[in-house]
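K.L.:
Input structure: query-v7.csv, which contains CSV, C-alpha atoms and all ligand atoms.
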```csv
chain,number,residue,atom,x,y,z
A,1,MET,CA,-16.6,-15.0,2.4
A,2,SER,CA,-14.8,-17.9,4.1
A,3,GLU,CA,-11.2,-18.2,2.8
A,4,LYS,CA,-8.6,-16.4,4.9
A,5,ILE,CA,-6.6,-13.7,3.1
A,6,LYS,CA,-3.4,-12.2,4.3
A,7,VAL,CA,-2.7,-8.7,3.2
A,8,LEU,CA,0.5,-6.6,3.6
A,9,GLY,CA,-0.1,-2.9,4.2
A,10,ILE,CA,2.5,-0.3,3.3
A,11,SER,CA,2.4,3.5,3.7
A,12,GLY,CA,4.4,5.9,1.5
A,13,SER,CA,4.8,8.3,4.3
A,14,LEU,CA,7.1,7.9,7.3
A,15,ARG,CA,6.0,10.8,9.5
A,16,LYS,CA,4.5,10.1,12.9
A,17,HIS,CA,1.1,11.7,12.1
A,18,SER,CA,0.9,10.4,8.6
A,19,LYS,CA,-2.7,10.4,7.5
A,20,ASN,CA,-1.9,7.6,5.0
A,21,MET,CA,-0.6,5.4,7.8
A,22,ALA,CA,-3.7,6.3,9.7
A,23,LEU,CA,-5.8,5.2,6.8
A,24,LEU,CA,-4.0,1.8,6.9
A,25,ARG,CA,-4.7,1.5,10.6
A,26,ALA,CA,-8.4,2.3,9.9
A,27,SER,CA,-8.3,-0.5,7.3
A,28,VAL,CA,-7.0,-2.9,10.0
A,29,GLU,CA,-10.0,-1.8,12.1
A,30,LEU,CA,-12.6,-2.1,9.3
A,31,ASN,CA,-11.4,-5.0,7.3
A,32,PRO,CA,-13.7,-7.9,6.4
A,33,GLU,CA,-13.8,-10.9,8.8
A,34,ASN,CA,-11.5,-13.2,6.8
A,35,MET,CA,-9.0,-10.6,5.8
A,36,GLU,CA,-5.9,-10.0,8.0
A,37,ILE,CA,-3.8,-6.8,7.3
A,38,GLU,CA,-0.3,-6.6,8.6
A,39,ILE,CA,1.3,-3.2,8.3
A,40,PHE,CA,5.0,-3.2,7.3
A,41,GLY,CA,6.9,0.0,8.0
A,42,LEU,CA,9.3,1.2,5.3
A,43,GLU,CA,11.5,3.3,7.6
A,44,ASP,CA,14.4,0.8,7.6
A,45,ILE,CA,14.6,0.3,3.9
A,46,PRO,CA,17.8,2.0,2.6
A,47,PHE,CA,18.2,3.8,-0.7
A,48,TYR,CA,18.3,1.3,-3.6
A,49,ASN,CA,21.9,0.4,-4.4
A,50,GLN,CA,22.4,-2.2,-7.1
A,51,ASP,CA,25.8,-3.1,-5.6
A,52,LEU,CA,23.9,-4.4,-2.5
A,53,ASP,CA,21.1,-6.1,-4.5
A,54,ASN,CA,22.5,-9.7,-4.3
A,55,GLU,CA,22.2,-12.7,-2.0
A,56,ASP,CA,25.4,-11.8,0.0
A,57,ASN,CA,24.7,-8.1,0.6
A,58,LEU,CA,20.9,-7.6,0.6
A,59,PRO,CA,20.0,-5.3,3.5
A,60,LYS,CA,18.1,-7.1,6.3
A,61,ALA,CA,15.0,-4.8,6.1
A,62,VAL,CA,14.8,-5.4,2.3
A,63,GLN,CA,15.1,-9.2,2.8
A,64,MET,CA,12.3,-9.0,5.4
A,65,PHE,CA,10.1,-6.9,3.1
A,66,LYS,CA,10.5,-9.3,0.2
A,67,GLU,CA,9.7,-12.3,2.5
A,68,LYS,CA,6.6,-10.5,3.8
A,69,ILE,CA,5.4,-9.8,0.3
A,70,THR,CA,5.9,-13.4,-0.7
A,71,ALA,CA,4.0,-14.6,2.4
A,72,SER,CA,1.0,-12.2,1.7
A,73,HIS,CA,-1.8,-12.8,-0.7
A,74,SER,CA,-2.0,-9.2,-1.7
A,75,LEU,CA,-0.7,-5.7,-1.0
A,76,LEU,CA,-2.6,-2.7,0.3
A,77,ILE,CA,-0.8,0.6,-0.5
A,78,ALA,CA,-1.6,4.0,1.0
A,79,SER,CA,0.5,6.8,-0.2
A,80,PRO,CA,0.5,10.6,-0.2
A,81,GLU,CA,1.2,12.5,-3.4
A,82,TYR,CA,4.5,14.2,-3.5
A,83,ASN,CA,5.1,16.5,-6.5
A,84,HIS,CA,2.3,14.9,-8.5
A,85,SER,CA,3.7,11.4,-8.1
A,86,VAL,CA,4.2,8.6,-5.5
A,87,THR,CA,6.6,9.3,-2.7
A,88,GLY,CA,10.3,8.4,-3.1
A,89,ILE,CA,9.9,6.2,-0.1
A,90,LEU,CA,7.3,4.0,-1.8
A,91,LYS,CA,9.1,4.0,-5.2
A,92,ASN,CA,12.3,3.0,-3.5
A,93,ALA,CA,10.7,0.1,-1.7
A,94,ILE,CA,9.1,-1.1,-4.9
A,95,ASP,CA,12.4,-0.8,-6.8
A,96,TRP,CA,14.0,-3.2,-4.2
A,97,ALA,CA,11.1,-5.6,-4.4
A,98,SER,CA,11.1,-5.6,-8.2
A,99,THR,CA,14.3,-7.5,-8.6
A,100,PRO,CA,15.4,-10.0,-9.8
A,101,TYR,CA,13.0,-9.3,-12.6
A,102,SER,CA,12.6,-13.0,-13.4
A,103,ASN,CA,11.6,-13.9,-9.8
A,104,SER,CA,10.2,-10.8,-8.2
A,105,PRO,CA,7.8,-11.3,-5.3
A,106,LEU,CA,5.6,-8.6,-6.9
A,107,ASN,CA,4.9,-10.7,-10.0
A,108,LYS,CA,1.2,-11.4,-10.3
A,109,LYS,CA,0.6,-9.9,-6.8
A,110,PRO,CA,-2.9,-8.5,-6.4
A,111,TYR,CA,-2.9,-5.0,-4.9
A,112,ALA,CA,-5.2,-2.0,-4.1
A,113,VAL,CA,-4.0,1.6,-3.9
A,114,MET,CA,-5.5,4.4,-1.9
A,115,GLY,CA,-4.4,7.7,-0.5
A,116,VAL,CA,-5.1,10.8,1.6
A,117,SER,CA,-4.2,14.3,0.6
A,118,GLY,CA,-4.3,17.5,2.5
A,119,GLY,CA,-6.1,19.3,-0.3
A,120,ALA,CA,-8.8,18.6,-2.9
A,121,SER,CA,-7.0,16.2,-5.3
A,122,GLY,CA,-7.0,13.1,-3.0
A,123,THR,CA,-3.8,11.6,-4.5
A,124,ILE,CA,-5.3,11.0,-7.9
A,125,ARG,CA,-2.1,11.6,-9.8
A,126,SER,CA,0.0,9.6,-7.3
A,127,GLN,CA,-2.3,6.6,-7.6
A,128,LEU,CA,-2.2,6.8,-11.4
A,129,HIS,CA,1.6,6.8,-11.2
A,130,PHE,CA,1.6,3.8,-8.9
A,131,ARG,CA,-0.6,1.9,-11.3
A,132,GLN,CA,2.1,2.5,-14.0
A,133,ILE,CA,4.9,1.3,-11.8
A,134,ALA,CA,2.8,-1.8,-10.8
A,135,ALA,CA,2.1,-2.7,-14.4
A,136,GLU,CA,5.8,-2.9,-15.1
A,137,ASN,CA,6.0,-5.5,-12.3
A,138,ASN,CA,3.0,-7.4,-13.6
A,139,MET,CA,1.0,-6.7,-10.4
A,140,PHE,CA,-2.8,-7.0,-10.6
A,141,GLY,CA,-4.4,-3.8,-9.5
A,142,MET,CA,-8.0,-3.5,-8.4
A,143,ASN,CA,-9.6,-0.9,-10.7
A,144,LYS,CA,-12.8,-0.2,-8.9
A,145,PRO,CA,-13.9,1.0,-6.4
A,146,GLU,CA,-11.3,3.8,-5.8
A,147,ILE,CA,-10.6,5.8,-2.7
A,148,TYR,CA,-9.4,9.3,-2.8
A,149,VAL,CA,-9.5,10.9,0.6
A,150,THR,CA,-9.5,14.7,0.3
A,151,MET,CA,-9.0,17.4,2.9
A,152,GLY,CA,-7.2,14.8,5.1
A,153,LYS,CA,-7.1,16.9,8.3
A,154,SER,CA,-10.9,17.0,8.5
A,155,LYS,CA,-11.4,13.3,8.2
A,156,PHE,CA,-9.3,12.2,11.2
A,157,ASN,CA,-9.3,13.2,14.9
A,158,GLU,CA,-6.4,14.4,17.0
A,159,LYS,CA,-5.4,10.8,17.6
A,160,ASP,CA,-5.3,10.2,13.9
A,161,GLU,CA,-8.4,7.9,14.0
A,162,LEU,CA,-10.6,8.0,10.9
A,163,THR,CA,-13.8,9.6,12.2
A,164,ASP,CA,-15.5,10.8,9.0
A,165,GLU,CA,-18.5,8.4,8.6
A,166,PRO,CA,-18.9,8.5,4.8
A,167,THR,CA,-15.2,7.8,4.4
A,168,ARG,CA,-15.4,4.9,6.9
A,169,GLU,CA,-18.3,3.5,4.9
A,170,ARG,CA,-16.4,3.9,1.6
A,171,LEU,CA,-13.3,2.3,3.1
A,172,LYS,CA,-15.4,-0.7,4.3
A,173,LYS,CA,-16.8,-1.3,0.8
A,174,PHE,CA,-13.4,-0.8,-0.7
A,175,LEU,CA,-11.9,-3.5,1.6
A,176,GLU,CA,-14.7,-5.9,0.9
A,177,ALA,CA,-14.1,-5.5,-2.8
A,178,PHE,CA,-10.4,-6.0,-2.3
A,179,TYR,CA,-11.1,-9.2,-0.4
A,180,GLU,CA,-13.0,-10.5,-3.5
A,181,TRP,CA,-10.3,-9.1,-5.9
A,182,THR,CA,-7.6,-10.9,-4.0
A,183,LEU,CA,-9.5,-14.2,-4.0
A,184,ARG,CA,-10.1,-13.9,-7.7
A,185,ASN,CA,-6.4,-13.4,-8.4
A,186,LEU,CA,-4.8,-16.0,-6.2
A,201,LIG,C1,3.3,17.3,-0.8
A,201,LIG,N1,1.9,17.4,-0.8
A,201,LIG,C2,1.3,17.3,-2.0
A,201,LIG,N2,-0.1,17.2,-2.1
A,201,LIG,C3,-0.7,17.0,-3.3
A,201,LIG,O1,-2.0,16.9,-3.3
A,201,LIG,N3,0.0,17.1,-4.4
A,201,LIG,C4,1.3,17.2,-4.5
A,201,LIG,O2,1.9,17.1,-5.5
A,201,LIG,C5,2.0,17.3,-3.2
A,201,LIG,N4,3.4,17.4,-3.2
A,201,LIG,C6,4.0,17.4,-2.0
A,201,LIG,C7,5.4,17.3,-2.0
A,201,LIG,C8,6.1,17.2,-0.7
A,201,LIG,C9,7.6,17.1,-0.7
A,201,LIG,C10,5.4,17.2,0.5
A,201,LIG,C11,6.1,17.0,1.8
A,201,LIG,C12,4.0,17.2,0.5
A,201,LIG,C13,1.1,17.4,0.4
A,201,LIG,C14,1.0,16.0,1.0
A,201,LIG,O3,0.3,15.1,0.1
A,201,LIG,C15,0.2,16.0,2.3
A,201,LIG,O4,1.1,16.7,3.2
A,201,LIG,C16,-0.2,14.7,2.8
A,201,LIG,O5,-1.1,14.8,3.8
A,201,LIG,C17,1.0,13.9,3.4
A,201,LIG,O6,0.6,12.6,3.7
A,201,LIG,P1,0.8,12.0,5.2
A,201,LIG,O7,2.2,12.2,5.5
A,201,LIG,O8,-0.2,12.7,6.1
A,201,LIG,O9,0.5,10.5,5.0
```
Could you spell out this file's structure in structure tokens?
Ligand code: FNR

P.N.:
Amino acid sequence: MSEKIKVLGISGSLRKHSKNMALLRASVELNPENMEIEIFGLEDIPFYNQDLDNEDNLPKAVQMFKEKITASHSLLIASPEYNHSVTGILKNAIDWASTPYSNSPLNKKPYAVMGVSGGASGTIRSQLHFRQIAAENNMFGMNKPEIYVTMGKSKFNEKDELTDEPTRERLKKFLEAFYEWTLRNL
């Protein structure tokens, strides 16, 4: 492990105590030595509007998001499951980044998806939907290992720090594998 990798982390939840954002922060803490994760907040990304999706009108936050994706070697996505799918927040951001289809910053971008749920399903359905969306954008998803954090409340402390030791170990291994996956797909 010697080559430096830059990763852009995005969370599909905007709430202050988001456990998915907390999982991203834990990733920043536990990441391999040569991997740097920058978290980009999606709170300023407006609803997708095709009338604004051109050079003259592109919203600033969208422009910045697209530039950050281009400047990163890979994407680390943490999203809750809303109604058995990804959140609208995440889908909306991906919709913006997906155009123009012939020159999208998502094209051939390696990614890993993970998630925390409050219950027992661990965002399985949301992650599967994300893989479907990513495939349309020719993104390269890491298949294994997977991370499904169940019973979210019990895995973090009151400061939203990941305290569950088995989950920390799993996340560490996941991030090491993602480093290798990113390198292989540059
Ligand atoms: C949910 N939640 C949820 N959970 C789940 O396992 N399957 C689901 O389909 C849904 N659907 C859903 C819809 C909506 C509108 C909300 C607000 C919530 C629960 C949700 O995944 C849980 O609250 C997560 O912990 C939220 O993630 P953050 O905000 O902590 O990152």

K.L.:
Could you give me, as a Markdown table, every range 12-102 of chain A residue with an atom at most 12 Å from range 140-163 of chain A, plus its closest atom pair and distance in Å to one decimal, counting all atoms listed in the file, rows ordered by chain then number?

P.N.:
```
| residue | atom | partner | partner_atom | distance |
| --- | --- | --- | --- | --- |
| A:Lys16 | CA | A:Asp160 | CA | 9.9 |
| A:His17 | CA | A:Asp160 | CA | 6.8 |
| A:Ser18 | CA | A:Asp160 | CA | 8.2 |
| A:Lys19 | CA | A:Gly152 | CA | 6.7 |
| A:Asn20 | CA | A:Gly152 | CA | 8.9 |
| A:Met21 | CA | A:Asp160 | CA | 9.1 |
| A:Ala22 | CA | A:Asp160 | CA | 6.0 |
| A:Leu23 | CA | A:Leu162 | CA | 6.9 |
| A:Leu24 | CA | A:Leu162 | CA | 9.9 |
| A:Arg25 | CA | A:Glu161 | CA | 8.1 |
| A:Ala26 | CA | A:Leu162 | CA | 6.2 |
| A:Ser27 | CA | A:Leu162 | CA | 9.5 |
| A:Val28 | CA | A:Leu162 | CA | 11.5 |
| A:Glu29 | CA | A:Leu162 | CA | 9.9 |
| A:Leu30 | CA | A:Leu162 | CA | 10.4 |
| A:His73 | CA | A:Phe140 | CA | 11.5 |
| A:Ser74 | CA | A:Phe140 | CA | 9.2 |
| A:Leu75 | CA | A:Gly141 | CA | 9.5 |
| A:Leu76 | CA | A:Gly141 | CA | 10.0 |
| A:Ile77 | CA | A:Gly141 | CA | 10.6 |
| A:Ala78 | CA | A:Ile147 | CA | 9.9 |
| A:Ser79 | CA | A:Tyr148 | CA | 10.5 |
| A:Pro80 | CA | A:Val149 | CA | 10.0 |
| A:Glu81 | CA | A:Tyr148 | CA | 11.1 |
```

K.L.:
For range 105-108 of chain A, work out the shell of residues within 9 Å, counting all atoms listed in the file and skipping chain neighbours fewer than 3 positions away, then give it as a PyMOL selection string.

P.N.:
chain A and resi 66-67+69-70+94+97-102+134+137-140+185-186

K.L.:
From (-1.1, 7.8, -9.5), in the file's coordinates, out to 9 Å: which residues are reached, counting all atoms listed in the file? Answer as JSON, numbers by chain.

P.N.:
{"A": [81, 84, 85, 86, 113, 123, 124, 125, 126, 127, 128, 129, 130, 131, 132]}

K.L.:
Take the selection from the previous step and output its residues with C-alpha atoms, as a short mmCIF file (atom, residue, chain, number, x, y, z; two decimals), in the coordinates of the input.

P.N.:
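So the final result, stored in selection-v1.cif, reads:
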```
data_model
loop_
_atom_site.label_atom_id
_atom_site.label_comp_id
_atom_site.auth_asym_id
_atom_site.auth_seq_id
_atom_site.Cartn_x
_atom_site.Cartn_y
_atom_site.Cartn_z
CA GLU A 81 1.20 12.50 -3.40
CA HIS A 84 2.30 14.90 -8.50
CA SER A 85 3.70 11.40 -8.10
CA VAL A 86 4.20 8.60 -5.50
CA VAL A 113 -4.00 1.60 -3.90
CA THR A 123 -3.80 11.60 -4.50
CA ILE A 124 -5.30 11.00 -7.90
CA ARG A 125 -2.10 11.60 -9.80
CA SER A 126 0.00 9.60 -7.30
CA GLN A 127 -2.30 6.60 -7.60
CA LEU A 128 -2.20 6.80 -11.40
CA HIS A 129 1.60 6.80 -11.20
CA PHE A 130 1.60 3.80 -8.90
CA ARG A 131 -0.60 1.90 -11.30
CA GLN A 132 2.10 2.50 -14.00
#
```

K.L.:
What is the CA of Phe40 in chain A to CA of Ser13 in chain A distance in Å?

P.N.:
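CA of Phe40 in chain A sits 11.9 Å away from CA of Ser13 in chain A.
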
K.L.:
Mind pulling up the distance from CA of Asn34 in chain A to atom O9 of ligand LIG 201 (chain A)?

P.N.:
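Spanning atom O9 of ligand LIG 201 (chain A) to CA of Asn34 in chain A is a straight-line distance of 26.6 Å.
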
K.L.:
Could you tell me how far CA of Thr87 in chain A sits from CA of Val116 in chain A, in Å to one decimal place?

P.N.:
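Taking CA of Val116 in chain A and CA of Thr87 in chain A, their separation equals 12.6 Å.
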
K.L.:
Taking all atoms listed in the file into account, which of A:Met64, A:Leu175, A:Ala120, A:Leu8 comes nearest ligand LIG 201 (chain A)?

P.N.:
A:Ala120

K.L.:
Select, from A:Leu14, A:Leu171, A:Val7, A:Ala93, the residue with the minimum atom-to-atom distance to ligand LIG 201 (chain A), counting all atoms listed in the file.

P.N.:
A:Leu14

K.L.:
For ligand LIG 201 (chain A), which of A:Tyr111, A:Phe178, A:Phe65, A:Tyr82 is the closest residue, counting only C-alpha atoms and all ligand atoms?

P.N.:
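Under the stated criterion, the closest residue is A:Tyr82.
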
K.L.:
For Ser11 in chain A, which residue out of A:Ala177, A:Ile133, A:Ile39, A:Asn103 is the nearest one, using only C-alpha atoms?

P.N.:
A:Ile39

K.L.:
Using all atoms listed in the file, find the one residue out of A:Pro32, A:Pro59, A:Gly9, A:Pro166 that sits nearest to Tyr179 in chain A.

P.N.:
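Smallest distance to Tyr179 in chain A is found for A:Pro32.
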
K.L.:
Asn92 in chain A: which residues within 9 Å, counting all atoms listed in the file, same-chain residues fewer than 6 positions away excluded, as number ranges by chain?

P.N.:
A: 45-48

K.L.:
Would you please work out which residue, of A:Lys91, A:Glu136, A:Gly115, A:Trp96, is nearest to ligand LIG 201 (chain A) when using all atoms listed in the file?

P.N.:
A:Gly115
